[in-house]
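Structure below is protein.pdb: PDB, C-alpha atoms, pLDDT in the B column.
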```
ATOM      1  CA  MET Y   1     285.607-191.427-148.388  1.00 60.00           C
ATOM      2  CA  SER Y   2     284.897-192.111-144.745  1.00 74.00           C
ATOM      3  CA  ALA Y   3     282.670-194.974-143.650  1.00 81.00           C
ATOM      4  CA  ASP Y   4     280.044-192.427-142.532  1.00 76.00           C
ATOM      5  CA  ALA Y   5     280.098-190.710-145.917  1.00 76.00           C
ATOM      6  CA  ALA Y   6     279.878-194.080-147.678  1.00 84.00           C
ATOM      7  CA  ARG Y   7     276.864-195.023-145.558  1.00 84.00           C
ATOM      8  CA  ALA Y   8     275.141-191.728-146.319  1.00 83.00           C
ATOM      9  CA  ALA Y   9     275.907-192.191-150.020  1.00 84.00           C
ATOM     10  CA  GLU Y  10     274.361-195.672-149.918  1.00 89.00           C
ATOM     11  CA  PHE Y  11     271.210-194.270-148.286  1.00 89.00           C
ATOM     12  CA  LEU Y  12     270.945-191.586-150.945  1.00 87.00           C
ATOM     13  CA  SER Y  13     271.616-194.120-153.685  1.00 90.00           C
ATOM     14  CA  GLN Y  14     268.755-196.294-152.454  1.00 91.00           C
ATOM     15  CA  LEU Y  15     266.402-193.327-152.090  1.00 91.00           C
ATOM     16  CA  ALA Y  16     267.329-192.008-155.560  1.00 92.00           C
ATOM     17  CA  VAL Y  17     265.073-194.695-157.031  1.00 93.00           C
ATOM     18  CA  PRO Y  18     261.587-193.103-157.098  1.00 94.00           C
ATOM     19  CA  ALA Y  19     259.749-196.290-156.087  1.00 95.00           C
ATOM     20  CA  ARG Y  20     262.018-196.802-153.045  1.00 95.00           C
ATOM     21  CA  LEU Y  21     261.664-193.169-152.071  1.00 94.00           C
ATOM     22  CA  ALA Y  22     257.865-193.517-152.297  1.00 96.00           C
ATOM     23  CA  ALA Y  23     257.995-196.666-150.148  1.00 95.00           C
ATOM     24  CA  PHE Y  24     260.202-194.964-147.558  1.00 95.00           C
ATOM     25  CA  ALA Y  25     257.926-191.889-147.525  1.00 95.00           C
ATOM     26  CA  GLU Y  26     254.862-194.094-147.039  1.00 96.00           C
ATOM     27  CA  LEU Y  27     256.503-195.865-144.104  1.00 96.00           C
ATOM     28  CA  VAL Y  28     257.550-192.535-142.567  1.00 95.00           C
ATOM     29  CA  LYS Y  29     253.993-191.239-143.003  1.00 95.00           C
ATOM     30  CA  ARG Y  30     252.582-194.287-141.209  1.00 95.00           C
ATOM     31  CA  GLY Y  31     254.932-193.778-138.257  1.00 94.00           C
ATOM     32  CA  LYS Y  32     255.018-196.353-135.458  1.00 92.00           C
ATOM     33  CA  ASP Y  33     252.136-198.312-136.960  1.00 93.00           C
ATOM     34  CA  GLY Y  34     254.144-199.137-140.062  1.00 93.00           C
ATOM     35  CA  ALA Y  35     252.658-201.126-142.924  1.00 95.00           C
ATOM     36  CA  THR Y  36     252.384-204.718-144.002  1.00 94.00           C
ATOM     37  CA  LEU Y  37     253.617-205.788-147.392  1.00 92.00           C
ATOM     38  CA  ALA Y  38     250.041-205.839-148.713  1.00 93.00           C
ATOM     39  CA  GLU Y  39     249.252-202.379-147.298  1.00 95.00           C
ATOM     40  CA  LEU Y  40     252.365-200.913-148.848  1.00 95.00           C
ATOM     41  CA  ALA Y  41     251.663-202.574-152.206  1.00 95.00           C
ATOM     42  CA  TYR Y  42     248.145-201.120-152.150  1.00 96.00           C
ATOM     43  CA  ALA Y  43     249.323-197.616-151.129  1.00 96.00           C
ATOM     44  CA  LEU Y  44     252.010-197.562-153.857  1.00 96.00           C
ATOM     45  CA  ASP Y  45     249.821-199.311-156.434  1.00 96.00           C
ATOM     46  CA  VAL Y  46     252.465-201.953-157.163  1.00 96.00           C
ATOM     47  CA  PRO Y  47     252.368-205.761-157.066  1.00 95.00           C
ATOM     48  CA  ILE Y  48     253.152-207.362-153.689  1.00 93.00           C
ATOM     49  CA  GLN Y  49     256.359-208.863-155.109  1.00 93.00           C
ATOM     50  CA  GLU Y  50     257.617-205.390-156.104  1.00 95.00           C
ATOM     51  CA  ALA Y  51     256.687-203.982-152.686  1.00 93.00           C
ATOM     52  CA  GLY Y  52     258.666-206.828-151.123  1.00 92.00           C
ATOM     53  CA  GLU Y  53     261.712-205.993-153.251  1.00 93.00           C
ATOM     54  CA  LEU Y  54     261.463-202.316-152.289  1.00 94.00           C
ATOM     55  CA  LEU Y  55     261.266-203.172-148.596  1.00 93.00           C
ATOM     56  CA  ALA Y  56     264.117-205.659-148.889  1.00 92.00           C
ATOM     57  CA  ARG Y  57     266.374-202.945-150.306  1.00 93.00           C
ATOM     58  CA  LEU Y  58     265.341-200.407-147.667  1.00 93.00           C
ATOM     59  CA  SER Y  59     265.746-202.960-144.874  1.00 92.00           C
ATOM     60  CA  GLY Y  60     269.086-204.072-146.270  1.00 91.00           C
ATOM     61  CA  VAL Y  61     270.636-200.643-145.802  1.00 92.00           C
ATOM     62  CA  GLY Y  62     268.887-199.942-142.492  1.00 92.00           C
ATOM     63  CA  LEU Y  63     266.255-197.453-143.675  1.00 93.00           C
ATOM     64  CA  ALA Y  64     263.418-199.783-142.683  1.00 94.00           C
ATOM     65  CA  THR Y  65     262.873-202.593-140.236  1.00 93.00           C
ATOM     66  CA  GLY Y  66     260.587-205.582-140.510  1.00 88.00           C
ATOM     67  CA  THR Y  67     259.073-207.546-137.675  1.00 74.00           C
ATOM     68  CA  GLY Y  68     258.123-211.195-137.389  1.00 66.00           C
ATOM     69  CA  ASN Y  69     254.468-210.276-137.878  1.00 71.00           C
ATOM     70  CA  GLY Y  70     255.177-208.768-141.319  1.00 85.00           C
ATOM     71  CA  VAL Y  71     254.942-205.108-140.330  1.00 93.00           C
ATOM     72  CA  TYR Y  72     257.609-202.785-141.699  1.00 95.00           C
ATOM     73  CA  ARG Y  73     258.549-199.431-140.213  1.00 95.00           C
ATOM     74  CA  ALA Y  74     260.778-196.640-141.470  1.00 94.00           C
ATOM     75  CA  SER Y  75     264.028-195.901-139.681  1.00 92.00           C
ATOM     76  CA  PRO Y  76     264.387-192.169-140.396  1.00 89.00           C
ATOM     77  CA  GLY Y  77     266.776-191.897-137.467  1.00 89.00           C
ATOM     78  CA  ALA Y  78     269.349-193.838-139.481  1.00 87.00           C
ATOM     79  CA  LEU Y  79     269.194-191.209-142.208  1.00 84.00           C
ATOM     80  CA  ARG Y  80     269.477-188.425-139.629  1.00 86.00           C
ATOM     81  CA  GLU Y  81     272.450-190.141-137.946  1.00 86.00           C
ATOM     82  CA  ALA Y  82     274.227-190.547-141.286  1.00 84.00           C
ATOM     83  CA  ALA Y  83     273.681-186.871-142.136  1.00 82.00           C
ATOM     84  CA  ASN Y  84     274.987-185.811-138.717  1.00 83.00           C
ATOM     85  CA  ALA Y  85     278.051-188.042-139.122  1.00 83.00           C
ATOM     86  CA  VAL Y  86     278.813-186.483-142.496  1.00 81.00           C
ATOM     87  CA  ASP Y  87     278.378-183.018-140.961  1.00 82.00           C
ATOM     88  CA  ARG Y  88     280.849-183.900-138.204  1.00 82.00           C
ATOM     89  CA  SER Y  89     283.395-185.015-140.799  1.00 83.00           C
ATOM     90  CA  GLN Y  90     283.416-181.640-142.579  1.00 87.00           C
ATOM     91  CA  PRO Y  91     286.787-179.848-142.379  1.00 89.00           C
ATOM     92  CA  ILE Y  92     285.449-176.878-140.407  1.00 90.00           C
ATOM     93  CA  ALA Y  93     283.436-178.929-137.889  1.00 88.00           C
ATOM     94  CA  GLY Y  94     286.158-179.103-135.241  1.00 87.00           C
ATOM     95  CA  PHE Y  95     286.678-175.348-135.341  1.00 90.00           C
ATOM     96  CA  LEU Y  96     282.962-174.541-135.475  1.00 88.00           C
ATOM     97  CA  ALA Y  97     282.456-176.349-132.157  1.00 86.00           C
ATOM     98  CA  ASP Y  98     284.256-173.401-130.500  1.00 90.00           C
ATOM     99  CA  TYR Y  99     281.814-170.917-132.067  1.00 90.00           C
ATOM    100  CA  PRO Y 100     278.282-172.174-131.277  1.00 89.00           C
ATOM    101  CA  GLN Y 101     276.872-168.701-131.944  1.00 89.00           C
ATOM    102  CA  LEU Y 102     277.893-169.081-135.614  1.00 90.00           C
ATOM    103  CA  ARG Y 103     276.072-172.361-136.261  1.00 86.00           C
ATOM    104  CA  GLY Y 104     273.186-170.476-137.862  1.00 88.00           C
ATOM    105  CA  ASN Y 105     275.576-169.213-140.540  1.00 89.00           C
ATOM    106  CA  PHE Y 106     276.638-172.738-141.534  1.00 91.00           C
ATOM    107  CA  ALA Y 107     274.850-175.756-142.963  1.00 88.00           C
ATOM    108  CA  HIS Y 108     276.534-179.112-143.435  1.00 86.00           C
ATOM    109  CA  GLY Y 109     279.993-177.662-142.832  1.00 88.00           C
ATOM    110  CA  ARG Y 110     279.615-174.799-145.311  1.00 90.00           C
ATOM    111  CA  LEU Y 111     279.147-171.083-144.754  1.00 92.00           C
ATOM    112  CA  THR Y 112     275.675-170.192-146.005  1.00 91.00           C
ATOM    113  CA  SER Y 113     275.552-166.533-144.975  1.00 89.00           C
ATOM    114  CA  LEU Y 114     277.899-163.911-143.638  1.00 84.00           C
ATOM    115  CA  PRO Y 115     276.725-161.987-140.584  1.00 85.00           C
ATOM    116  CA  PRO Y 116     276.317-158.194-140.887  1.00 82.00           C
ATOM    117  CA  THR Y 117     279.651-156.475-141.561  1.00 73.00           C
ATOM    118  CA  MET Y 118     279.895-154.477-138.344  1.00 75.00           C
ATOM    119  CA  SER Y 119     278.677-157.229-136.014  1.00 81.00           C
ATOM    120  CA  GLU Y 120     280.692-159.164-133.476  1.00 85.00           C
ATOM    121  CA  ARG Y 121     279.827-162.358-135.365  1.00 86.00           C
ATOM    122  CA  TYR Y 122     281.442-160.995-138.547  1.00 86.00           C
ATOM    123  CA  GLN Y 123     284.678-160.711-136.556  1.00 87.00           C
ATOM    124  CA  GLN Y 124     284.171-164.214-135.180  1.00 91.00           C
ATOM    125  CA  VAL Y 125     283.721-165.723-138.656  1.00 91.00           C
ATOM    126  CA  GLY Y 126     286.999-164.027-139.625  1.00 90.00           C
ATOM    127  CA  GLU Y 127     288.725-165.589-136.637  1.00 92.00           C
ATOM    128  CA  LEU Y 128     287.154-168.986-137.344  1.00 93.00           C
ATOM    129  CA  PHE Y 129     288.335-168.942-140.965  1.00 93.00           C
ATOM    130  CA  ALA Y 130     291.799-167.732-139.928  1.00 93.00           C
ATOM    131  CA  ARG Y 131     292.062-170.721-137.581  1.00 92.00           C
ATOM    132  CA  PHE Y 132     290.757-173.037-140.301  1.00 93.00           C
ATOM    133  CA  LEU Y 133     293.278-171.757-142.877  1.00 93.00           C
ATOM    134  CA  ALA Y 134     296.196-171.911-140.386  1.00 91.00           C
ATOM    135  CA  LEU Y 135     298.384-169.902-142.749  1.00 91.00           C
ATOM    136  CA  GLU Y 136     302.113-169.638-142.407  1.00 91.00           C
ATOM    137  CA  GLY Y 137     304.095-167.634-144.909  1.00 91.00           C
ATOM    138  CA  LEU Y 138     302.801-166.263-148.194  1.00 94.00           C
ATOM    139  CA  HIS Y 139     300.163-167.830-150.419  1.00 95.00           C
ATOM    140  CA  THR Y 140     298.744-167.043-153.827  1.00 94.00           C
ATOM    141  CA  GLU Y 141     295.158-165.949-154.235  1.00 93.00           C
ATOM    142  CA  ASP Y 142     294.440-169.276-155.953  1.00 94.00           C
ATOM    143  CA  GLU Y 143     295.728-171.205-152.925  1.00 95.00           C
ATOM    144  CA  ILE Y 144     293.597-169.129-150.528  1.00 95.00           C
ATOM    145  CA  ASN Y 145     290.574-169.618-152.800  1.00 95.00           C
ATOM    146  CA  ARG Y 146     291.144-173.377-152.998  1.00 95.00           C
ATOM    147  CA  ARG Y 147     291.305-173.677-149.219  1.00 95.00           C
ATOM    148  CA  LEU Y 148     288.257-171.475-148.650  1.00 95.00           C
ATOM    149  CA  SER Y 149     286.248-173.370-151.278  1.00 95.00           C
ATOM    150  CA  ALA Y 150     286.196-176.330-148.879  1.00 93.00           C
ATOM    151  CA  VAL Y 151     283.865-174.355-146.597  1.00 93.00           C
ATOM    152  CA  THR Y 152     282.150-171.674-148.685  1.00 93.00           C
ATOM    153  CA  ASP Y 153     280.903-170.994-152.192  1.00 93.00           C
ATOM    154  CA  ASP Y 154     281.629-167.272-151.817  1.00 93.00           C
ATOM    155  CA  VAL Y 155     285.411-167.441-151.643  1.00 94.00           C
ATOM    156  CA  ALA Y 156     285.831-163.814-152.733  1.00 93.00           C
ATOM    157  CA  GLY Y 157     283.487-162.604-149.983  1.00 91.00           C
ATOM    158  CA  ALA Y 158     285.213-164.773-147.376  1.00 93.00           C
ATOM    159  CA  ARG Y 159     288.663-163.635-148.500  1.00 93.00           C
ATOM    160  CA  ARG Y 160     287.548-159.979-148.376  1.00 91.00           C
ATOM    161  CA  MET Y 161     286.088-160.557-144.895  1.00 91.00           C
ATOM    162  CA  LEU Y 162     289.411-162.009-143.705  1.00 93.00           C
ATOM    163  CA  VAL Y 163     291.227-158.894-144.943  1.00 92.00           C
ATOM    164  CA  GLU Y 164     288.604-156.529-143.471  1.00 89.00           C
ATOM    165  CA  THR Y 165     288.724-158.224-140.057  1.00 89.00           C
ATOM    166  CA  GLY Y 166     292.513-158.044-139.974  1.00 91.00           C
ATOM    167  CA  TRP Y 167     293.241-161.769-140.165  1.00 94.00           C
ATOM    168  CA  LEU Y 168     294.698-161.716-143.664  1.00 93.00           C
ATOM    169  CA  GLU Y 169     296.982-159.268-145.457  1.00 94.00           C
ATOM    170  CA  ARG Y 170     297.452-158.952-149.183  1.00 92.00           C
ATOM    171  CA  ASP Y 171     300.180-157.314-151.203  1.00 92.00           C
ATOM    172  CA  ARG Y 172     299.494-154.149-153.196  1.00 90.00           C
ATOM    173  CA  ALA Y 173     298.896-156.140-156.362  1.00 89.00           C
ATOM    174  CA  GLY Y 174     296.298-158.253-154.542  1.00 83.00           C
ATOM    175  CA  THR Y 175     297.874-161.530-155.658  1.00 89.00           C
ATOM    176  CA  THR Y 176     299.756-162.712-152.563  1.00 94.00           C
ATOM    177  CA  TYR Y 177     298.312-163.197-149.099  1.00 95.00           C
ATOM    178  CA  GLY Y 178     299.674-163.966-145.664  1.00 93.00           C
ATOM    179  CA  PRO Y 179     298.554-163.959-142.048  1.00 92.00           C
ATOM    180  CA  ALA Y 180     298.091-160.453-140.648  1.00 91.00           C
ATOM    181  CA  ARG Y 181     298.307-161.551-137.033  1.00 87.00           C
ATOM    182  CA  PRO Y 182     298.994-164.769-135.188  1.00 85.00           C
ATOM    183  CA  VAL Y 183     296.124-167.148-134.602  1.00 81.00           C
ATOM    184  CA  THR Y 184     296.034-168.950-131.277  1.00 75.00           C
ATOM    185  CA  ALA Y 185     294.148-172.155-130.541  1.00 65.00           C
ATOM    186  CA  THR Y 186     291.178-170.275-129.089  1.00 57.00           C
ATOM    187  CA  SER Y 187     292.196-166.706-129.895  1.00 44.00           C
TER     188      SER Y 187
END
```
For the structure just supplied, provide its representation as structure tokens.
Amino acid sequence: MSADAARAAEFLSQLAVPARLAAFAELVKRGKDGATLAELAYALDVPIQEAGELLARLSGVGLATGTGNGVYRASPGALREAANAVDRSQPIAGFLADYPQLRGNFAHGRLTSLPPTMSERYQQVGELFARFLALEGLHTEDEINRRLSAVTDDVAGARRMLVETGWLERDRAGTTYGPARPVTATS
């Protein structure tokens, strides 16, 4: 696990506790004004000591900041930065940078929807996946599925799209696949 993924996991771990999530949400809601320990305790209906423990945990991982005057503020940007770092670490991210028009079809490094079959973008997704797979030689359907599962839940649809767009060939039995045409760095 990368350091960015570990940081995001720590954020999620801290926010998985309902009381901490409520404290973070209250701080986000209050925006730049933030909240004192007493205000947060009142808003969450918890003792001041518990509010202090919640804020200590959130501050400890960087989801909140405290000032010398006792005002705490949420740091939602830290959560956003961690999510963006995890997105950048996804296996398709480097390839997707060359296809900005396809960003709407992906979320967090995964294909969420295929463009219409006859569209130019359908062809571009085929090319993108062909570059991502970087196939040489023959591969079983299971191997193709395993590789595609890193970037999509619909491996059968993606595999079919690769065949339809001419980037992947399969044998007559439909069990062995190979590249149908060479893939260049930017095709």
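CA of Ser75 in chain Y sits 4.8 Å away from CA of Leu63 in chain Y.
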Who sits within 9 Å of range 19-28 of chain Y, all atoms listed in the file, same chain under 4 positions skipped, as a ChimeraX atom specification: /Y:14-15,32-35,40-41,43-44,51,54-55,57-58,63-64,72-76
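For the atom pair formed by CA of Thr176 in chain Y and CA of Leu138 in chain Y, the distance is 6.4 Å, given to one decimal.
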Spatial neighbours of Gln124 in chain Y, max dist 12 Å, all atoms listed in the file, sep filter under 5 positions, as number ranges by chain: Y: 95-96, 98-103, 105, 114-119, 129-131, 161-162, 165-167, 186-187
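Each of Y:Pro182, Y:Arg160, Y:Gly109, Y:Ser59 was checked against Ala85 in chain Y using only C-alpha atoms; the smallest atom-to-atom distance is that of Y:Gly109.
The spacing separating CA of Ala93 in chain Y from CA of Arg146 in chain Y amounts to 17.8 Å.
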Could you give me the axis-aligned bounding box of range 146-164 of chain Y, with 4 Å of padding per side, as centre plus edge lengths in Å to one decimal, as lines of an AutoDock Vina configuration file?
```
center_x = 286.1
center_y = -166.4
center_z = -148.2
size_x = 18.4
size_y = 27.8
size_z = 17.5
```
Residue IDs satisfying the PyMOL selection byres ((chain Y and resi 81) around 12), as a list of chain:residue names: Y:Asp4, Y:Ala5, Y:Arg7, Y:Ala8, Y:Phe11, Y:Gly62, Y:Leu63, Y:Ser75, Y:Pro76, Y:Gly77, Y:Ala78, Y:Leu79, Y:Arg80, Y:Ala82, Y:Ala83, Y:Asn84, Y:Ala85, Y:Val86, Y:Asp87, Y:Arg88
